[in-house]
>>> print(open('query06.txt').read())   # compact mmCIF, C-alpha atoms and all ligand atoms
# COMPACT_ATOMS: atom_id res chain seq x y z
CA MET A 22 15.69 10.46 0.07
CA ALA A 23 17.99 13.11 -1.32
CA LEU A 24 16.23 16.45 -1.55
CA GLY A 25 16.82 18.08 -4.92
CA THR A 26 17.51 21.66 -5.81
CA MET A 27 13.97 22.98 -5.86
CA PHE A 28 14.32 25.04 -2.67
CA LYS A 29 17.06 27.24 -1.32
CA ASP A 30 19.06 26.04 1.68
CA GLY A 31 17.66 27.17 5.01
CA LEU A 32 14.18 27.84 3.59
CA LEU A 33 12.56 26.49 6.76
CA LYS A 34 15.25 27.65 9.21
CA GLY A 35 13.76 28.50 12.61
CA LYS A 36 10.44 26.86 11.76
CA ARG A 37 8.93 24.13 13.92
CA PHE A 38 6.71 21.32 12.71
CA LEU A 39 4.96 18.26 14.11
CA ILE A 40 4.50 15.32 11.75
CA THR A 41 2.22 12.60 13.10
CA GLY A 42 3.33 9.13 12.05
CA GLY A 43 6.70 10.68 11.19
CA GLY A 44 8.68 7.59 12.18
CA THR A 45 7.93 5.69 8.97
CA GLY A 46 6.92 5.99 5.33
CA LEU A 47 5.77 9.32 3.94
CA GLY A 48 5.95 11.00 7.36
CA LYS A 49 9.62 10.08 7.66
CA GLU A 50 10.29 11.43 4.15
CA MET A 51 8.61 14.75 4.95
CA ALA A 52 10.47 14.95 8.27
CA GLU A 53 13.77 14.61 6.43
CA GLY A 54 12.71 17.13 3.79
CA TYR A 55 11.73 19.78 6.35
CA ALA A 56 14.76 19.19 8.58
CA ALA A 57 17.11 19.28 5.58
CA LEU A 58 15.81 22.81 4.96
CA GLY A 59 16.66 23.83 8.53
CA ALA A 60 13.45 23.09 10.46
CA THR A 61 12.98 21.46 13.85
CA VAL A 62 10.63 18.55 13.32
CA TYR A 63 8.82 16.60 16.02
CA ILE A 64 7.71 13.14 14.95
CA CYS A 65 5.15 11.10 16.87
CA GLY A 66 3.79 7.56 16.77
CA ARG A 67 3.07 4.63 19.07
CA ARG A 68 6.42 2.86 18.68
CA PHE A 69 9.08 4.92 20.42
CA GLY A 70 11.88 2.62 19.26
CA VAL A 71 10.94 3.22 15.63
CA LEU A 72 10.74 7.01 16.18
CA GLU A 73 14.09 7.09 17.94
CA GLU A 74 15.76 5.10 15.20
CA THR A 75 14.31 7.41 12.54
CA ALA A 76 15.38 10.52 14.46
CA ASN A 77 18.94 9.19 14.83
CA GLU A 78 19.13 8.28 11.16
CA LEU A 79 17.75 11.61 9.95
CA ASN A 80 19.71 13.75 12.40
CA ALA A 81 22.94 12.24 11.11
CA ARG A 82 21.96 13.43 7.64
CA VAL A 83 20.42 16.86 8.39
CA LYS A 84 22.68 18.11 11.20
CA ALA A 85 24.95 19.97 8.81
CA LYS A 86 21.90 21.75 7.39
CA GLY A 87 20.80 23.08 10.77
CA GLY A 88 17.76 20.82 11.06
CA LEU A 89 16.72 18.66 14.00
CA VAL A 90 14.31 15.74 14.37
CA LYS A 91 12.83 14.98 17.80
CA PRO A 92 10.89 11.77 18.59
CA ILE A 93 7.88 11.74 20.92
CA ALA A 94 5.64 8.74 21.66
CA CYS A 95 1.94 9.50 21.33
CA ASP A 96 -1.19 7.54 20.50
CA ILE A 97 -3.24 10.16 18.67
CA ARG A 98 -6.46 8.21 19.34
CA VAL A 99 -6.26 9.41 22.95
CA ALA A 100 -7.36 13.06 23.24
CA GLN A 101 -5.54 13.66 26.53
CA ALA A 102 -2.31 12.16 25.14
CA VAL A 103 -2.55 14.55 22.18
CA GLU A 104 -3.12 17.52 24.49
CA ASP A 105 -0.12 16.48 26.64
CA VAL A 106 2.21 16.05 23.69
CA VAL A 107 1.27 19.35 22.09
CA ALA A 108 1.73 21.10 25.47
CA GLN A 109 5.13 19.41 25.78
CA ILE A 110 6.17 20.63 22.32
CA TRP A 111 5.03 24.20 23.04
CA ALA A 112 6.98 24.10 26.33
CA ASP A 113 10.03 22.75 24.51
CA GLY A 114 10.51 25.76 22.24
CA GLY A 115 7.36 27.74 21.69
CA ALA A 116 4.61 27.58 19.12
CA LEU A 117 4.71 25.20 16.20
CA ASP A 118 4.57 26.74 12.74
CA GLY A 119 2.85 23.73 11.25
CA LEU A 120 1.14 20.41 11.87
CA ILE A 121 1.15 17.57 9.35
CA ASN A 122 -1.70 15.13 9.95
CA ASN A 123 -0.02 12.13 8.38
CA ALA A 124 -0.62 9.24 10.83
CA ALA A 125 -3.19 6.74 9.61
CA GLY A 126 -4.38 3.19 9.83
CA ASN A 127 -5.80 1.30 6.89
CA PHE A 128 -6.28 -2.18 5.45
CA ILE A 129 -8.25 -3.56 2.55
CA SER A 130 -11.31 -5.57 3.49
CA ARG A 131 -14.74 -6.25 2.12
CA THR A 132 -16.98 -3.93 4.10
CA LYS A 133 -19.34 -6.78 4.96
CA ASP A 134 -16.44 -8.48 6.78
CA LEU A 135 -15.71 -5.48 9.03
CA SER A 136 -16.66 -5.51 12.69
CA PRO A 137 -17.49 -2.26 14.51
CA ARG A 138 -14.06 -2.53 16.14
CA GLY A 139 -12.46 -2.86 12.72
CA PHE A 140 -14.17 0.37 11.63
CA ASP A 141 -13.18 2.11 14.86
CA ALA A 142 -9.56 0.97 14.54
CA ILE A 143 -9.24 3.17 11.46
CA ALA A 144 -11.69 5.98 12.26
CA SER A 145 -10.17 6.52 15.70
CA ILE A 146 -6.73 7.17 14.20
CA VAL A 147 -7.59 9.07 11.03
CA PHE A 148 -10.81 10.92 11.85
CA HIS A 149 -10.62 11.43 15.62
CA GLY A 150 -6.84 11.57 16.07
CA SER A 151 -6.27 14.10 13.30
CA PHE A 152 -9.04 16.30 14.68
CA TYR A 153 -7.61 16.15 18.22
CA MET A 154 -4.22 17.22 16.86
CA THR A 155 -5.68 20.04 14.76
CA LEU A 156 -7.71 21.32 17.70
CA ALA A 157 -4.80 21.18 20.17
CA CYS A 158 -2.61 23.25 17.82
CA GLY A 159 -5.33 25.53 16.46
CA LYS A 160 -6.61 26.72 19.82
CA ARG A 161 -3.07 27.62 20.89
CA TRP A 162 -2.39 29.54 17.68
CA ILE A 163 -5.63 31.48 18.13
CA GLU A 164 -4.97 32.17 21.82
CA GLU A 165 -1.40 33.33 21.14
CA LYS A 166 -2.32 35.21 17.93
CA LYS A 167 0.22 33.13 15.97
CA LYS A 168 -0.03 32.04 12.36
CA GLY A 169 -0.14 28.32 11.76
CA SER A 170 -0.43 25.87 8.91
CA VAL A 171 -2.03 22.43 8.84
CA ILE A 172 -1.57 19.87 6.08
CA SER A 173 -3.64 16.70 6.17
CA ILE A 174 -2.47 13.76 4.09
CA LEU A 175 -5.61 12.42 2.43
CA THR A 176 -6.23 10.23 -0.63
CA THR A 177 -7.96 10.91 -3.94
CA TRP A 178 -10.85 8.76 -2.78
CA VAL A 179 -12.14 11.76 -0.86
CA TRP A 180 -13.58 12.67 -4.29
CA ASN A 181 -14.73 9.30 -5.61
CA GLY A 182 -15.06 6.99 -2.61
CA GLY A 183 -12.97 4.02 -1.58
CA PRO A 184 -14.48 0.59 -2.17
CA PHE A 185 -12.77 -2.01 0.07
CA THR A 186 -11.29 0.83 2.19
CA VAL A 187 -14.55 2.35 3.39
CA PRO A 188 -13.52 3.35 6.96
CA SER A 189 -10.47 5.13 5.53
CA ALA A 190 -12.47 6.78 2.74
CA MET A 191 -15.10 8.00 5.23
CA SER A 192 -12.48 9.28 7.68
CA LYS A 193 -10.28 10.97 5.07
CA THR A 194 -13.36 12.61 3.55
CA GLY A 195 -14.19 13.92 7.02
CA LEU A 196 -10.73 15.49 7.17
CA TRP A 197 -11.31 17.08 3.77
CA ALA A 198 -14.48 18.63 5.24
CA MET A 199 -12.43 19.78 8.25
CA THR A 200 -9.84 21.35 5.93
CA GLN A 201 -12.42 23.33 3.99
CA SER A 202 -14.44 24.30 7.05
CA LEU A 203 -11.56 25.47 9.24
CA ALA A 204 -9.86 27.28 6.34
CA VAL A 205 -12.87 29.59 6.54
CA GLU A 206 -13.40 29.58 10.31
CA TRP A 207 -9.73 30.06 11.17
CA GLY A 208 -8.73 32.16 8.12
CA PRO A 209 -9.26 35.40 10.07
CA HIS A 210 -6.67 34.13 12.59
CA GLY A 211 -4.05 33.56 9.90
CA ILE A 212 -4.34 29.79 10.17
CA ARG A 213 -4.21 27.89 6.91
CA LEU A 214 -5.47 24.36 6.27
CA ASN A 215 -4.56 22.47 3.14
CA ALA A 216 -4.37 18.84 2.13
CA ILE A 217 -2.40 16.53 -0.12
CA ALA A 218 -3.95 13.51 -1.83
CA PRO A 219 -1.07 11.23 -2.80
CA GLY A 220 -1.45 8.48 -5.39
CA PRO A 221 0.60 5.33 -4.88
CA PHE A 222 3.89 5.99 -3.07
CA PRO A 223 5.12 2.55 -1.98
CA THR A 224 5.77 2.33 1.77
CA LYS A 225 6.08 -0.75 3.97
CA GLY A 226 3.09 0.25 6.14
CA ALA A 227 0.71 0.80 3.25
CA TRP A 228 1.86 -2.00 0.99
CA GLU A 229 1.65 -4.70 3.70
CA ARG A 230 -1.97 -3.74 4.36
CA LEU A 231 -3.19 -2.55 0.97
CA SER A 232 -1.19 -4.56 -1.49
CA PRO A 233 -0.47 -7.93 0.09
CA SER A 234 0.52 -10.51 -2.53
CA ALA A 235 -2.87 -12.17 -2.14
CA ALA A 236 -4.49 -9.03 -3.56
CA ASN A 237 -2.20 -8.68 -6.56
CA ARG A 238 -5.05 -9.25 -8.93
CA GLY A 239 -6.18 -5.79 -7.92
CA SER A 240 -2.79 -4.20 -8.62
CA THR A 241 -3.08 -0.49 -9.35
CA ASP A 242 0.28 0.06 -11.07
CA THR A 243 -0.87 -0.54 -14.61
CA ARG A 244 -3.77 1.87 -14.17
CA ASN A 245 -1.62 4.95 -13.72
CA PRO A 246 -1.42 7.17 -16.81
CA MET A 247 2.24 7.87 -16.04
CA GLY A 248 2.89 4.13 -15.70
CA ARG A 249 4.74 4.50 -12.42
CA ASN A 250 4.39 5.14 -8.71
CA GLY A 251 5.20 8.46 -7.09
CA GLU A 252 8.76 9.42 -6.13
CA MET A 253 9.14 10.43 -2.49
CA GLU A 254 10.92 13.63 -3.44
CA GLU A 255 7.91 14.75 -5.48
CA LEU A 256 5.63 14.45 -2.48
CA VAL A 257 8.12 16.13 -0.15
CA ASN A 258 8.56 19.08 -2.52
CA LEU A 259 4.80 19.67 -2.49
CA ALA A 260 4.69 19.40 1.31
CA VAL A 261 7.49 21.96 1.61
CA PHE A 262 5.81 24.36 -0.82
CA MET A 263 2.58 24.24 1.16
CA VAL A 264 4.14 25.22 4.50
CA ALA A 265 6.81 27.64 3.26
CA ASP A 266 6.39 31.39 3.48
CA GLY A 267 5.18 32.85 0.22
CA CYS A 268 1.86 31.19 -0.48
CA GLU A 269 -0.16 32.34 2.54
CA TYR A 270 -3.18 33.03 0.32
CA MET A 271 -3.47 29.31 -0.39
CA THR A 272 -5.86 27.66 2.04
CA GLY A 273 -8.79 25.25 1.96
CA GLN A 274 -7.22 23.30 -0.94
CA CYS A 275 -6.48 19.64 -1.55
CA VAL A 276 -3.79 18.95 -4.16
CA ALA A 277 -3.58 15.50 -5.70
CA ILE A 278 -0.15 14.16 -6.62
CA ASP A 279 -0.99 10.92 -8.40
CA GLY A 280 0.06 11.03 -12.06
CA ALA A 281 -3.59 11.74 -12.96
CA MET A 282 -4.63 8.31 -11.72
CA TYR A 283 -7.78 9.75 -10.22
CA GLN A 284 -8.83 11.47 -13.45
CA ALA A 285 -8.16 8.18 -15.28
CA GLY A 286 -11.03 6.71 -13.31
CA SER A 287 -9.15 4.80 -10.65
CA GLY A 288 -7.08 5.70 -7.61
CA ASN A 289 -9.10 3.41 -5.44
CA PHE A 290 -9.44 -0.34 -5.02
CA SER A 291 -12.45 -0.93 -7.29
CA ALA A 292 -10.48 -3.64 -9.14
CA LEU A 293 -10.60 -5.85 -6.04
CA SER A 294 -14.17 -6.83 -6.94
CA LYS A 295 -12.52 -9.75 -8.78
CA LEU A 296 -11.12 -11.35 -5.60
CA THR A 297 -12.61 -14.65 -4.40
CA ASP A 298 -13.49 -15.66 -0.82
CA GLU A 299 -10.20 -17.58 -0.68
CA ASP A 300 -8.27 -14.51 -1.89
CA TRP A 301 -9.88 -12.41 0.85
CA ALA A 302 -9.00 -14.97 3.53
CA ALA A 303 -5.37 -14.85 2.40
CA VAL A 304 -5.41 -11.01 2.32
CA ARG A 305 -6.69 -10.91 5.88
CA ASP A 306 -4.01 -13.34 7.10
CA GLN A 307 -1.27 -11.25 5.52
CA VAL A 308 -2.58 -7.98 6.98
CA LYS A 309 -2.95 -9.65 10.39
CA SER A 310 0.64 -10.80 10.41
CA ALA A 311 1.85 -7.26 9.51
CA ASN A 312 -0.28 -5.83 12.33
CA GLU A 313 1.05 -8.32 14.90
CA LYS A 314 4.68 -7.52 14.04
CA ASP A 315 4.09 -3.75 14.45
CA LYS A 316 2.05 -4.18 17.64
CA ALA A 317 4.85 -6.07 19.37
CA GLN A 318 6.98 -2.89 19.01
CA ARG A 319 4.42 -0.44 20.46
CA THR A 320 5.48 1.38 23.62
CA VAL A 321 2.26 3.37 24.17
C1 LIG A 401 -10.87 -7.05 8.69
C2 LIG A 401 -9.53 -6.36 10.42
C3 LIG A 401 -8.36 -6.51 9.63
C4 LIG A 401 -8.54 -7.00 8.30
C5 LIG A 401 -7.76 -5.77 11.60
N1 LIG A 401 -9.10 -5.91 11.62
N2 LIG A 401 -7.29 -6.14 10.39
N3 LIG A 401 -10.77 -6.62 9.96
N4 LIG A 401 -9.80 -7.25 7.88
N5 LIG A 401 -7.51 -7.15 7.48
C6 LIG A 401 -9.99 -5.68 12.77
C7 LIG A 401 -9.66 -6.66 13.89
O1 LIG A 401 -10.23 -7.92 13.62
C8 LIG A 401 -10.29 -5.99 15.09
O2 LIG A 401 -11.67 -6.18 15.18
C9 LIG A 401 -10.09 -4.51 14.77
O3 LIG A 401 -9.78 -4.41 13.37
C10 LIG A 401 -8.97 -3.90 15.56
O4 LIG A 401 -7.81 -4.66 15.32
P1 LIG A 401 -6.48 -4.38 16.14
O5 LIG A 401 -5.40 -5.20 15.52
O6 LIG A 401 -6.73 -4.53 17.61
O7 LIG A 401 -6.27 -2.83 15.81
P2 LIG A 401 -5.22 -1.80 16.30
O8 LIG A 401 -4.19 -2.41 17.19
O9 LIG A 401 -5.99 -0.64 16.77
O10 LIG A 401 -4.42 -1.46 14.92
C11 LIG A 401 -4.95 -0.55 14.00
C12 LIG A 401 -4.83 -1.08 12.59
C13 LIG A 401 -3.37 -1.45 12.21
C14 LIG A 401 -5.39 0.02 11.68
C15 LIG A 401 -5.68 -2.34 12.46
O11 LIG A 401 -3.33 -1.85 10.84
C16 LIG A 401 -2.41 -0.29 12.38
O12 LIG A 401 -1.96 0.00 13.48
N6 LIG A 401 -2.05 0.40 11.26
C17 LIG A 401 -1.12 1.56 11.29
C18 LIG A 401 -0.30 1.61 10.05
C19 LIG A 401 -1.09 1.57 8.77
O13 LIG A 401 -2.21 1.06 8.71
N7 LIG A 401 -0.48 2.10 7.70
C20 LIG A 401 -1.11 2.15 6.42
C21 LIG A 401 -1.56 3.55 6.13
S1 LIG A 401 -1.64 3.62 4.43
P3 LIG A 401 -12.35 -7.37 16.10
O14 LIG A 401 -13.81 -7.08 16.03
O15 LIG A 401 -11.95 -8.65 15.40
O16 LIG A 401 -11.75 -7.26 17.47
C22 LIG A 401 -2.91 4.41 3.82
C23 LIG A 401 -2.76 4.53 2.32
C24 LIG A 401 -3.98 4.95 1.62
O17 LIG A 401 -3.78 4.86 4.48
C25 LIG A 401 -3.86 5.13 0.13
C26 LIG A 401 -3.19 4.15 -0.70
C27 LIG A 401 -3.29 4.42 -2.22
P1 LIG A 402 2.86 4.11 7.33
O1 LIG A 402 4.34 4.10 7.14
O2 LIG A 402 2.21 2.89 7.87
O3 LIG A 402 2.52 5.38 8.23
C1 LIG A 402 1.51 5.44 9.18
C2 LIG A 402 2.09 6.03 10.44
O4 LIG A 402 1.03 6.39 11.31
C3 LIG A 402 3.02 5.10 11.18
O5 LIG A 402 4.25 5.75 11.45
C4 LIG A 402 2.28 4.80 12.48
O6 LIG A 402 3.18 4.66 13.56
C5 LIG A 402 1.43 6.06 12.62
N1 LIG A 402 0.25 5.82 13.44
C6 LIG A 402 -0.74 4.92 13.22
N2 LIG A 402 -1.63 4.94 14.23
C7 LIG A 402 -1.20 5.90 15.10
C8 LIG A 402 -1.69 6.39 16.34
N3 LIG A 402 -2.81 5.89 16.88
N4 LIG A 402 -1.01 7.37 16.97
C9 LIG A 402 0.14 7.87 16.43
N5 LIG A 402 0.65 7.44 15.24
C10 LIG A 402 -0.01 6.46 14.60
O7 LIG A 402 2.11 4.44 5.95
P2 LIG A 402 2.35 5.58 4.85
O8 LIG A 402 2.12 4.95 3.53
O9 LIG A 402 3.59 6.31 5.10
O10 LIG A 402 1.09 6.55 5.12
C11 LIG A 402 1.26 7.88 5.58
C12 LIG A 402 0.04 8.70 5.20
O11 LIG A 402 -0.06 8.79 3.78
C13 LIG A 402 -1.28 8.14 5.67
O12 LIG A 402 -2.14 9.20 6.05
C14 LIG A 402 -1.82 7.47 4.44
O13 LIG A 402 -3.22 7.34 4.47
C15 LIG A 402 -1.36 8.45 3.38
N6 LIG A 402 -1.31 7.91 2.04
C16 LIG A 402 -0.34 7.03 1.70
C17 LIG A 402 -0.28 6.59 0.39
C18 LIG A 402 0.80 5.67 -0.07
O14 LIG A 402 0.79 5.30 -1.25
N7 LIG A 402 1.74 5.27 0.77
C19 LIG A 402 -1.23 7.02 -0.52
C20 LIG A 402 -2.22 7.90 -0.12
C21 LIG A 402 -2.25 8.36 1.16
P3 LIG A 402 2.90 3.65 14.81
O15 LIG A 402 2.39 2.39 14.26
O16 LIG A 402 4.25 3.57 15.47
O17 LIG A 402 1.91 4.36 15.67
>>> encode(input="query06.txt", output="structure tokens", more="lines below")
Ligand code: HXC
Ligand code: NAP
Amino acid sequence: MALGTMFKDGLLKGKRFLITGGGTGLGKEMAEGYAALGATVYICGRRFGVLEETANELNARVKAKGGLVKPIACDIRVAQAVEDVVAQIWADGGALDGLINNAAGNFISRTKDLSPRGFDAIASIVFHGSFYMTLACGKRWIEEKKKGSVISILTTWVWNGGPFTVPSAMSKTGLWAMTQSLAVEWGPHGIRLNAIAPGPFPTKGAWERLSPSAANRGSTDTRNPMGRNGEMEELVNLAVFMVADGCEYMTGQCVAIDGAMYQAGSGNFSALSKLTDEDWAAVRDQVKSANEKDKAQRTV
């Protein structure tokens, strides 16, 4: 991703951010965007090799701009691991300026086919993990009387539900409640909480699990009023704006960036109602094979 000319060089110089799930996809894009503007960015995930590779790749590009990307392995489902990693980051250079709750798990499935473990697999990452991270940072900011900013990456289905992605829709909606609640509770401490609800921004992680070829009959592309997917730079620009100095009065908000797909009555997977039992079996096989490949790389 080449960051455009929207922001002045060094806008985030001296600032420190943690982006969960920053080794891949949208998290990696935001990490590059922040570091290219001079920030130090910690990225965490379960696959250290992937994080290290991303950090090396991004550092080669952002070094000249004064930015730095640092990889740390962490499974955000584990509260103690989150506490340890946040303590490690604070010890490494002081308070963070911002946390981006970006890590997630998701796959399309008929809800009747989900096991309790299937539900937990997603809720434990999105709902629990993002809360653990927010708490670990928030309590430090309050204790140290430091300002902080949290962005949670949600989806537009926090407003209209997510058929065939119910554990994700429930968990993301919980984070939207967290954003609104803590914006009020922590506002007096100078801590801001906002959220971004992206429309379709093709990434390997999401597309393998949400748009496997077996589910193509539910393709969302043609339902977007702008007739296209999002450009990474558009998302990154919004994520920079939200954490930069100059809009401190903005808190408790969720901004959609989806080409008005949500207003057009979609943004979720309602079209998958057309899939047959055979289609769903093929979808599940494809998601399973993507999961197995990623799992073999996990180091925590
Ligand atoms: C039904 C499934 C399933 C499927 C897994 N499970 N895949 N059930 N249909 N397709 C069930 C398993 O059978 C098992 O239950 C349970 O889930 C746990 O499976 P594990 O493989 O052990 O899970 P785990 O190792 O914890 O992996 C978590 C994961 C995996 C969520 C399943 O996909 C993952 O790590 N994802 C991270 C990356 C990711 O998902 N990126 C996409 C984010 S995109 P049983 O009972 O059988 O043991 C996103 C975009 C939203 O959120 C918006 C788009 C517009
Ligand atoms: P992705 O590349 O699969 O990103 C998910 C990241 O989360 C991975 O780097 C993964 O790394 C990390 N992660 C998962 N479980 C974790 C855990 N337990 N602990 C730590 N890290 C964990 O998918 P993406 O498309 O970029 O999604 C990023 C965010 O955008 C998600 O919140 C997603 O819901 C949201 N979103 C995406 C779209 C889209 O169109 N792409 C649309 C709307 C919303 P490991 O596997 O190494 O842990």
>>> residues_around(input="query06.txt", residues="A:Leu58", least_positions_apart="2", cutoff="8 Å", atoms="only C-alpha atoms", output="list of chain:residue names")
A:Lys29, A:Asp30, A:Gly31, A:Leu32, A:Leu33, A:Lys34, A:Gly54, A:Tyr55, A:Ala56, A:Ala60, A:Lys86, A:Gly87, A:Gly88
>>> axis_aligned_box(input="query06.txt", around="ligand LIG 402 (chain A)", padding_each_side="5 Å", output="JSON")
{"center_x": 0.6, "center_y": 5.8, "center_z": 7.9, "size_x": 17.6, "size_y": 16.8, "size_z": 28.2}
>>> atom_distance(input="query06.txt", atom1="atom CA of A:Ile212", atom2="atom CA of A:Asp113")
21.5 Å
>>> closest_atom_pairs(input="query06.txt", of="chain A", to="ligand LIG 402 (chain A)", cutoff="6 Å", atoms="all atoms listed in the file", output="JSON lines")
{"residue": "A:Thr41", "atom": "CA", "partner": "A:LIG402", "partner_atom": "N5", "distance": 5.8}
{"residue": "A:Gly42", "atom": "CA", "partner": "A:LIG402", "partner_atom": "O5", "distance": 3.6}
{"residue": "A:Gly43", "atom": "CA", "partner": "A:LIG402", "partner_atom": "O5", "distance": 5.5}
{"residue": "A:Gly44", "atom": "CA", "partner": "A:LIG402", "partner_atom": "O5", "distance": 4.9}
{"residue": "A:Thr45", "atom": "CA", "partner": "A:LIG402", "partner_atom": "O1", "distance": 4.3}
{"residue": "A:Gly46", "atom": "CA", "partner": "A:LIG402", "partner_atom": "O9", "distance": 3.4}
{"residue": "A:Leu47", "atom": "CA", "partner": "A:LIG402", "partner_atom": "O9", "distance": 3.9}
{"residue": "A:Gly48", "atom": "CA", "partner": "A:LIG402", "partner_atom": "O9", "distance": 5.7}
{"residue": "A:Cys65", "atom": "CA", "partner": "A:LIG402", "partner_atom": "C9", "distance": 6.0}
{"residue": "A:Gly66", "atom": "CA", "partner": "A:LIG402", "partner_atom": "N5", "distance": 3.5}
{"residue": "A:Arg67", "atom": "CA", "partner": "A:LIG402", "partner_atom": "O17", "distance": 3.6}
{"residue": "A:Arg68", "atom": "CA", "partner": "A:LIG402", "partner_atom": "O16", "distance": 3.9}
{"residue": "A:Cys95", "atom": "CA", "partner": "A:LIG402", "partner_atom": "C9", "distance": 5.5}
{"residue": "A:Asp96", "atom": "CA", "partner": "A:LIG402", "partner_atom": "N4", "distance": 3.5}
{"residue": "A:Ile97", "atom": "CA", "partner": "A:LIG402", "partner_atom": "N4", "distance": 4.0}
{"residue": "A:Arg98", "atom": "CA", "partner": "A:LIG402", "partner_atom": "N3", "distance": 5.0}
{"residue": "A:Asn123", "atom": "CA", "partner": "A:LIG402", "partner_atom": "O12", "distance": 4.3}
{"residue": "A:Ala124", "atom": "CA", "partner": "A:LIG402", "partner_atom": "O4", "distance": 3.3}
{"residue": "A:Ala125", "atom": "CA", "partner": "A:LIG402", "partner_atom": "O12", "distance": 4.5}
{"residue": "A:Gly126", "atom": "CA", "partner": "A:LIG402", "partner_atom": "C6", "distance": 5.3}
{"residue": "A:Ile146", "atom": "CA", "partner": "A:LIG402", "partner_atom": "N3", "distance": 4.9}
{"residue": "A:Ile174", "atom": "CA", "partner": "A:LIG402", "partner_atom": "O12", "distance": 5.0}
{"residue": "A:Leu175", "atom": "CA", "partner": "A:LIG402", "partner_atom": "C21", "distance": 5.4}
{"residue": "A:Thr176", "atom": "CA", "partner": "A:LIG402", "partner_atom": "C20", "distance": 4.7}
{"residue": "A:Pro219", "atom": "CA", "partner": "A:LIG402", "partner_atom": "C20", "distance": 4.4}
{"residue": "A:Gly220", "atom": "CA", "partner": "A:LIG402", "partner_atom": "C19", "distance": 5.1}
{"residue": "A:Pro221", "atom": "CA", "partner": "A:LIG402", "partner_atom": "O14", "distance": 3.6}
{"residue": "A:Phe222", "atom": "CA", "partner": "A:LIG402", "partner_atom": "O14", "distance": 3.7}
{"residue": "A:Pro223", "atom": "CA", "partner": "A:LIG402", "partner_atom": "N7", "distance": 5.1}
{"residue": "A:Thr224", "atom": "CA", "partner": "A:LIG402", "partner_atom": "O8", "distance": 4.8}
{"residue": "A:Gly226", "atom": "CA", "partner": "A:LIG402", "partner_atom": "O2", "distance": 3.3}
{"residue": "A:Ala227", "atom": "CA", "partner": "A:LIG402", "partner_atom": "O8", "distance": 4.4}
>>> residues_around(input="query06.txt", residues="A:Ser173", least_positions_apart="6", cutoff="7 Å", atoms="only C-alpha atoms", output="ChimeraX atom specification")
/A:121-123,215-217
>>> residues_near_ligand(input="query06.txt", ligand="ligand LIG 401 (chain A)", cutoff="7 Å", atoms="only C-alpha atoms and all ligand atoms", output="PDB file with C-alpha atoms, keeping the file's coordinate frame")
ATOM      1  CA  ALA A 125      -3.190   6.740   9.610  1.00  0.00           C
ATOM      2  CA  GLY A 126      -4.380   3.190   9.830  1.00  0.00           C
ATOM      3  CA  ASN A 127      -5.800   1.300   6.890  1.00  0.00           C
ATOM      4  CA  PHE A 128      -6.280  -2.180   5.450  1.00  0.00           C
ATOM      5  CA  ILE A 129      -8.250  -3.560   2.550  1.00  0.00           C
ATOM      6  CA  SER A 130     -11.310  -5.570   3.490  1.00  0.00           C
ATOM      7  CA  ASP A 134     -16.440  -8.480   6.780  1.00  0.00           C
ATOM      8  CA  LEU A 135     -15.710  -5.480   9.030  1.00  0.00           C
ATOM      9  CA  SER A 136     -16.660  -5.510  12.690  1.00  0.00           C
ATOM     10  CA  PRO A 137     -17.490  -2.260  14.510  1.00  0.00           C
ATOM     11  CA  ARG A 138     -14.060  -2.530  16.140  1.00  0.00           C
ATOM     12  CA  GLY A 139     -12.460  -2.860  12.720  1.00  0.00           C
ATOM     13  CA  PHE A 140     -14.170   0.370  11.630  1.00  0.00           C
ATOM     14  CA  ALA A 142      -9.560   0.970  14.540  1.00  0.00           C
ATOM     15  CA  ILE A 143      -9.240   3.170  11.460  1.00  0.00           C
ATOM     16  CA  THR A 176      -6.230  10.230  -0.630  1.00  0.00           C
ATOM     17  CA  SER A 189     -10.470   5.130   5.530  1.00  0.00           C
ATOM     18  CA  GLY A 220      -1.450   8.480  -5.390  1.00  0.00           C
ATOM     19  CA  PRO A 221       0.600   5.330  -4.880  1.00  0.00           C
ATOM     20  CA  GLY A 226       3.090   0.250   6.140  1.00  0.00           C
ATOM     21  CA  ALA A 227       0.710   0.800   3.250  1.00  0.00           C
ATOM     22  CA  ARG A 230      -1.970  -3.740   4.360  1.00  0.00           C
ATOM     23  CA  LEU A 231      -3.190  -2.550   0.970  1.00  0.00           C
ATOM     24  CA  GLY A 288      -7.080   5.700  -7.610  1.00  0.00           C
ATOM     25  CA  ASN A 289      -9.100   3.410  -5.440  1.00  0.00           C
ATOM     26  CA  VAL A 304      -5.410 -11.010   2.320  1.00  0.00           C
ATOM     27  CA  ARG A 305      -6.690 -10.910   5.880  1.00  0.00           C
ATOM     28  CA  VAL A 308      -2.580  -7.980   6.980  1.00  0.00           C
ATOM     29  CA  LYS A 309      -2.950  -9.650  10.390  1.00  0.00           C
ATOM     30  CA  ASN A 312      -0.280  -5.830  12.330  1.00  0.00           C
ATOM     31  CA  LYS A 316       2.050  -4.180  17.640  1.00  0.00           C
TER      32      LYS A 316
END
>>> residues_near_point(input="query06.txt", point="(14.6, 10.1, 19.8)", cutoff="12 Å", atoms="all atoms listed in the file", output="list in words")
Gly43, Gly44, Val62, Tyr63, Ile64, Cys65, Gly66, Arg68, Phe69, Gly70, Val71, Leu72, Glu73, Glu74, Thr75, Ala76, Asn77, Glu78, Leu79, Asn80, Leu89, Val90, Lys91, Pro92, Ile93 and Ala94 of chain A
>>> residues_near_point(input="query06.txt", point="(-9.6, 6.5, -8.5)", cutoff="10 Å", atoms="all atoms listed in the file", output="list in words")
Thr176, Thr177, Trp178, Val179, Trp180, Asn181, Gly182, Gly183, Pro184, Gly220, Thr241, Arg244, Asn245, Asp279, Ala281, Met282, Tyr283, Gln284, Ala285, Gly286, Ser287, Gly288, Asn289, Phe290 and Ser291 of chain A
